[in-house]
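**Student:** Here you go, one structure.
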Amino acid sequence: MRDFGKFRAVNKVSFNVKKGSIFAFLGPNGAGKTTTIRMLTTLLHPTSGKLKVNGFNPVTQQSETRKSFGIVFQDQSIDNDLTTYENMDFHGSLYHVPRELRRKRIEYLLKFVGLWDRKNDLVKNFSGGMRRRLEIARGLIHHPKILFLDEPTLGLDPQTRNHIWQYIKELNRKEGMTVFFTTHYMNEAEAIADEVAIIDDGKIMKKGSPSELKKVTKSKSLEEAFLKLTGKSIREESAGKHDMRMVGKMWRGK
Amino acid sequence: MGAIYVMWIRQLKKYVRSKPRMIGSLGQPLLFLVALGFGLGTIYQKAGGGNYIDFLVPGIVAMTVLFTAMFVGIDVIWDRQFGFLKETLVSPSSRLSLMIGRTLGGATVASAQGLVVLLISMLIGFRPLSFTHVLLSLVFMFLIAMLFTALGTAIASKLEDMQAFPLIMNFIIMPLFFLSGAIFPLDSTSGVISTIAKFNPFSYGVDGLRYALTGVSRLGVFPDFAVLIVCLLVVGAVGSYLFSKIEI
C-alpha cells in the first residue's frame with residue numbers, strides 16, 4: 001500500500017511476475033501504475049506491505065535492487081546538455097560498469113537502437129523517438145535482469161512505437177530479460193505481453209494472459225476487456241485533482 | 001569514486017557548454033563592481049575609508065561565488081523537473097557520493113566564476129598582494145562555494161518546483177549578501193547589523209577573502225577559516241541527509 005496524506009494511491013496490490021516474461025501493467029490515468037513502479041524501483045517507500053524485486057527488498061536492499069533493473073521513465077530523464085555517448089557513459093559509471101566494458105556495451109547498444117552515428121550529438125537536438133531509443137539503450141548498459149518501462153511509447157508515431165517494441169521483444173528473447181511495462185495502447189499490450197494485470201483505483205482488478213482476460217470478460221479485444229473491468233468514466237489523476245483544488249482556491253481568493 | 005567524478009564532470013560540462021549562462025552570470029557582479037566602485041569610491045575615500053575598489057573587490061568576488069554556488073545547488077530542482085534526478089536516484093551509487101559529486105562540481109564552477117571576476121577586477125585597477133595571496137583566495141573561494149552549493153542542494157532537496165525560487169532569492173541569498181560586509185564596512189554600521197553579520201557564515205567568507213587579497217581582516221583569518229569549515233560540515237551533513245531522503 002502507498003498513501004499520500006489521506007489519499008491511498010495503491011491499495012493491497014499483490015502480484016508476481018514470472019522470470020523472463022513480458023508483463024503489462026495496465027490501468028486508467030491515476031490508477032496507481034506509476035506509484036507501483038516507483039515503489040518497485042526504490043524511488044518511493046510503501047506505506048505498508050512487502051516488495052521483492054529479483055529476490056531483493058527495495059526498501060532494505062536498495063543497492064542490490066537497483067543493480068537488478070533498468071528503467072525507462074514515463075517522462076524524459078536524459079540530460080539535454082550531454083551528448084548521446086556522454087549520457088550512456090555517465091549512466092554506465094553510475095552503475096559501476098568498468099570502463100572498457102562500458103565502451104563496448106555503449107557501441108553495441110547505440111548500434112542496436114540506431115544512434116551510433118549520432119553518438120557525439122547533443123541530446124537536446126533529438127526527436128522524441130530518438131530520445132526514447134536512447135533511454136532504452138541507457139537502461140540496458142548494466143545488463144539488468146529486469147527492465148521497467150513506464151509508458152515507453154507515449155506520444156510517439158506508429159513507426160517508432162513499432163521499432164521500440166521490436167527491440168524490446170528481441171531483448172526479451174535474446175537475453176531472457178524480464179520486461180515490466182505500462183501503456184495506454186491496449187493493442188500493444190495485447191500483441192507483446194505474456195501476462196497482463198489491470199489496476200484501477202489502486203487495486204488489481206484482474207490478472208492473466210491477454211487471451212484469459214478476454215475469455216473471462218467475454219470480450220473480443222483486450223481494450224474491450226479493459227473497459228469492462230475499469231468502466232467507461234473519465235478519470236482524474238491525483239495531480240489533476242490537486243491542480244483543480246489550487247484553481248478552486250484561487251477563484252475563492254484564498 | 002566513479003559517481004563523484006561523473007557528477008563533478010557533468011557540472012563542469014554543463015557550465016562550459018552554456019555560454020549565455022557563463023556570460024550572463026558575470027553581468028551582476030560587474031555591474032556592482034563598476035556602479036558601486038566608481039559611484040561610491042570618491043565618497044568612501046573622502047570619509048577616510050581608503051581605496052573603495054580594494055575594499056569592494058573581495059566582496060564582489062565572494063558575491064559571485066555565493067550566487068553561482070547557490071544557483072548550482074538549486075539545480076536539483078531543475079533536475080527533478082526535467083527527470084534527470086530520477087535517473088541518478090535509481091542508480092546503485094550511494095546518495096552521499098551523488099551529493100558530494102554535485103557539491104564539488106558546483107563549487108568548482110562557482111570558484112571558476114569568482115576567479116574570472118577577480119581577473120576582470122585586476123583590469124580596472126585592483127591589485128592583490130601577491131600570487132601566494134591569490135592562491136589563498138582560491139582556498140576561501142572554494143570553501144564559500146562548497147558551503148553554499150551544499151546549502152542550495154539542501155534547500156532544493158525539500159522543494160518540488162521553481163515557484164519557491166523568488167523566496168530563496170529574497171529571503172536567503174540577498175540577506176546573506178547584504179548583511180555580510182561585502183559592500184560596506186561593518187565597523188561603521190549600527191550594532192544590530194554588526195551583530196547579525198556575526199551570525200552570517202558568508203561574513204566569514206568575505207572577511208577571509210578580503211584578508212587573502214588585501215591583507216585586511218576584521219574577524220581574523222583563522223576564525224574565518226574555522227567558521228567556514230564547521231558550517232560546511234554541518235550544512236554538508238544536513239544536505240546529505242535531506243538529499244538521501246528525496247522521494248519522487
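Just so we're on the same page: first chain in the C-alpha cells is A, next is B, and so on; residues restart at 1 for each chain, and ligands are numbered from 1 in the order they show up.
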Can you list, as a PyMOL selection string, every protein, DNA or RNA residue that comes within 12 Å of A:Phe180 when you count only C-alpha atoms, leaving out same-chain residues fewer than 3 positions away?

**Tutor:** chain A and resi 16-26+33-34+36-37+40-41+53+69-73+145-152+168-169+172+177+183+189+192-197

**Student:** Which residues of stretch 86-205 of chain A come within 10 Å of stretch 75-88 of chain B, and what is each one's closest atom pair and distance in Å (one decimal), counting only C-alpha atoms, sorted by chain and residue number, as a Markdown table?

**Tutor:**
| residue | atom | partner | partner_atom | distance |
| --- | --- | --- | --- | --- |
| A:Phe90 | CA | B:Thr88 | CA | 9.6 |
| A:His91 | CA | B:Thr88 | CA | 8.0 |
| A:Leu94 | CA | B:Thr88 | CA | 7.4 |
| A:Tyr95 | CA | B:Thr88 | CA | 9.6 |
| A:Gly139 | CA | B:Glu87 | CA | 9.4 |

**Student:** Give me, as a tab-separated table, each residue of chain B that comes within 6 Å of chain A, together with its shortest interatomic pair and the distance in Å at one decimal, counting only C-alpha atoms, with rows ordered by chain and rising residue number.

**Tutor:**
residue	atom	partner	partner_atom	distance
B:Gly2	CA	A:Ser93	CA	5.8
B:Ala3	CA	A:Leu94	CA	5.3
B:Gly83	CA	A:Ser77	CA	4.2
B:Phe84	CA	A:Ser77	CA	4.4
B:Ser91	CA	A:Arg66	CA	5.8
B:Pro92	CA	A:Ser63	CA	4.7
B:Ser93	CA	A:Leu94	CA	5.7
B:Glu247	CA	A:Leu44	CA	5.5
B:Ile248	CA	A:Leu43	CA	5.8

**Student:** Write to file, as a PDB file, in the first residue's frame, the residues of the selection just made, with N, CA and C atoms.

**Tutor:**
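Contents of the output file part-v6.pdb:
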ATOM      1  N   GLY B   2      33.574   6.744  -8.795  1.00  0.00           N
ATOM      2  CA  GLY B   2      33.026   6.923 -10.142  1.00  0.00           C
ATOM      3  C   GLY B   2      31.865   7.903 -10.151  1.00  0.00           C
ATOM      4  N   ALA B   3      30.961   7.732  -9.181  1.00  0.00           N
ATOM      5  CA  ALA B   3      29.780   8.594  -9.136  1.00  0.00           C
ATOM      6  C   ALA B   3      30.173  10.037  -8.823  1.00  0.00           C
ATOM      7  N   GLY B  83      13.437  15.430 -14.970  1.00  0.00           N
ATOM      8  CA  GLY B  83      13.509  13.973 -14.875  1.00  0.00           C
ATOM      9  C   GLY B  83      14.889  13.397 -14.621  1.00  0.00           C
ATOM     10  N   PHE B  84      15.935  14.221 -14.739  1.00  0.00           N
ATOM     11  CA  PHE B  84      17.282  13.667 -14.647  1.00  0.00           C
ATOM     12  C   PHE B  84      17.603  13.160 -13.232  1.00  0.00           C
ATOM     13  N   SER B  91      20.029   4.717  -9.453  1.00  0.00           N
ATOM     14  CA  SER B  91      21.300   4.008  -9.694  1.00  0.00           C
ATOM     15  C   SER B  91      21.827   3.447  -8.368  1.00  0.00           C
ATOM     16  N   PRO B  92      22.675   2.416  -8.437  1.00  0.00           N
ATOM     17  CA  PRO B  92      23.198   1.845  -7.177  1.00  0.00           C
ATOM     18  C   PRO B  92      24.244   2.718  -6.489  1.00  0.00           C
ATOM     19  N   SER B  93      24.639   3.835  -7.126  1.00  0.00           N
ATOM     20  CA  SER B  93      25.602   4.743  -6.470  1.00  0.00           C
ATOM     21  C   SER B  93      24.949   5.353  -5.234  1.00  0.00           C
ATOM     22  N   GLU B 247      12.171  11.689  -2.216  1.00  0.00           N
ATOM     23  CA  GLU B 247      11.278  10.698  -2.833  1.00  0.00           C
ATOM     24  C   GLU B 247      10.639  11.364  -4.044  1.00  0.00           C
ATOM     25  N   ILE B 248      10.531  10.602  -5.130  1.00  0.00           N
ATOM     26  CA  ILE B 248       9.971  11.190  -6.345  1.00  0.00           C
ATOM     27  C   ILE B 248       8.723  10.427  -6.771  1.00  0.00           C
TER      28      ILE B 248
END

**Student:** Using only C-alpha atoms, find the one residue out of B:Val234, B:Val117, B:Ala164, B:Ile23 that sits nearest to B:Gly59.

**Tutor:**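 So, comparing all the options, the nearest one is B:Val117.
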
**Student:** Report as a tab-separated table (two decimals) with N, CA and C atoms, in the first residue's frame all protein, DNA and RNA residues lying within 12 Å of stretch 187-194 of chain B, evaluated on only C-alpha atoms, omitting residues in the same chain fewer than 5 positions from it.

**Tutor:**
chain	number	residue	atom	x	y	z
B	44	TYR	N	33.60	57.24	-0.31
B	44	TYR	CA	34.28	56.31	0.61
B	44	TYR	C	35.66	56.85	0.97
B	47	ALA	N	35.49	59.92	3.15
B	47	ALA	CA	35.13	59.57	4.53
B	47	ALA	C	36.29	58.91	5.26
B	48	GLY	N	37.39	58.78	4.58
B	48	GLY	CA	38.60	58.23	5.22
B	48	GLY	C	38.70	56.73	5.16
B	49	GLY	N	37.91	56.11	4.27
B	49	GLY	CA	37.91	54.64	4.19
B	49	GLY	C	39.02	54.07	3.34
B	175	PRO	N	19.78	38.53	1.83
B	175	PRO	CA	20.21	38.88	3.19
B	175	PRO	C	21.62	38.39	3.50
B	176	LEU	N	21.96	37.18	3.02
B	176	LEU	CA	23.33	36.67	3.25
B	176	LEU	C	24.35	37.65	2.68
B	178	PHE	N	23.87	41.06	1.63
B	178	PHE	CA	23.86	42.44	2.11
B	178	PHE	C	24.28	42.56	3.58
B	179	LEU	N	24.08	41.50	4.35
B	179	LEU	CA	24.43	41.58	5.78
B	179	LEU	C	25.75	40.85	6.07
B	180	SER	N	26.70	41.04	5.18
B	180	SER	CA	27.97	40.32	5.34
B	180	SER	C	29.19	41.23	5.36
B	181	GLY	N	29.01	42.50	5.07
B	181	GLY	CA	30.17	43.39	4.96
B	181	GLY	C	30.84	43.28	3.61
B	199	PHE	N	26.55	36.34	12.86
B	199	PHE	CA	25.90	35.03	12.75
B	199	PHE	C	25.72	34.59	11.29
B	200	ASN	N	26.24	35.41	10.40
B	200	ASN	CA	26.11	35.10	8.97
B	200	ASN	C	27.41	34.43	8.49
B	203	SER	N	29.72	36.23	6.03
B	203	SER	CA	30.59	37.31	6.52
B	203	SER	C	32.02	36.80	6.67
B	217	SER	N	41.75	42.08	7.67
B	217	SER	CA	40.71	41.19	8.20
B	217	SER	C	40.10	41.81	9.44
B	218	ARG	N	38.78	41.74	9.55
B	218	ARG	CA	38.10	42.30	10.72
B	218	ARG	C	37.81	41.20	11.75
B	219	LEU	N	37.57	40.00	11.26
B	219	LEU	CA	37.16	38.92	12.16
B	219	LEU	C	38.31	37.96	12.48

**Student:** Give me, as a CSV table (one decimal) with N, CA and C atoms, in the first residue's frame, all polymer residues having an atom no more than 12 Å from B:Ile120, counting only C-alpha atoms and skipping those fewer than 5 positions away in the same chain.

**Tutor:**
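Okay, this is what ended up in result.csv:
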chain,number,residue,atom,x,y,z
B,26,LEU,N,28.1,36.8,-15.1
B,26,LEU,CA,29.1,37.8,-14.9
B,26,LEU,C,28.5,39.3,-14.8
B,27,GLY,N,27.3,39.4,-15.4
B,27,GLY,CA,26.7,40.7,-15.5
B,27,GLY,C,26.5,41.4,-14.2
B,29,PRO,N,27.8,40.9,-11.0
B,29,PRO,CA,29.0,41.3,-10.3
B,29,PRO,C,29.7,42.4,-11.0
B,30,LEU,N,29.8,42.4,-12.3
B,30,LEU,CA,30.5,43.5,-13.0
B,30,LEU,C,29.7,44.8,-12.8
B,31,LEU,N,28.4,44.8,-12.9
B,31,LEU,CA,27.6,46.0,-12.6
B,31,LEU,C,27.8,46.5,-11.3
B,33,LEU,N,30.4,46.0,-9.4
B,33,LEU,CA,31.8,46.5,-9.3
B,33,LEU,C,32.0,47.9,-9.9
B,34,VAL,N,31.4,48.1,-11.1
B,34,VAL,CA,31.6,49.4,-11.8
B,34,VAL,C,30.7,50.4,-11.1
B,57,VAL,N,36.3,44.8,-4.1
B,57,VAL,CA,36.6,43.6,-5.0
B,57,VAL,C,36.4,42.3,-4.3
B,60,ILE,N,32.8,41.5,-4.0
B,60,ILE,CA,32.1,41.2,-5.2
B,60,ILE,C,32.5,39.8,-5.7
B,61,VAL,N,33.8,39.5,-5.5
B,61,VAL,CA,34.2,38.1,-5.9
B,61,VAL,C,33.5,37.1,-5.0
B,113,GLN,N,34.1,30.9,-11.6
B,113,GLN,CA,33.4,32.2,-11.9
B,113,GLN,C,34.0,33.3,-11.0
B,114,GLY,N,34.3,33.0,-9.8
B,114,GLY,CA,34.9,34.0,-8.9
B,114,GLY,C,36.2,34.4,-9.4
B,115,LEU,N,37.0,33.5,-9.9
B,115,LEU,CA,38.3,33.8,-10.4
B,115,LEU,C,38.3,34.7,-11.6
B,125,GLY,N,42.0,48.0,-12.1
B,125,GLY,CA,43.0,48.6,-11.2
B,125,GLY,C,43.2,47.9,-9.9
B,126,PHE,N,42.5,46.8,-9.6
B,126,PHE,CA,42.7,46.1,-8.4
B,126,PHE,C,44.0,45.3,-8.4
B,127,ARG,N,44.7,45.3,-7.3
B,127,ARG,CA,46.0,44.5,-7.3
B,127,ARG,C,46.0,43.7,-6.0

**Student:** By how many Å are atom CA of B:Val134 and atom CA of B:Thr68 apart?

**Tutor:**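 It comes out at 19.7 Å.
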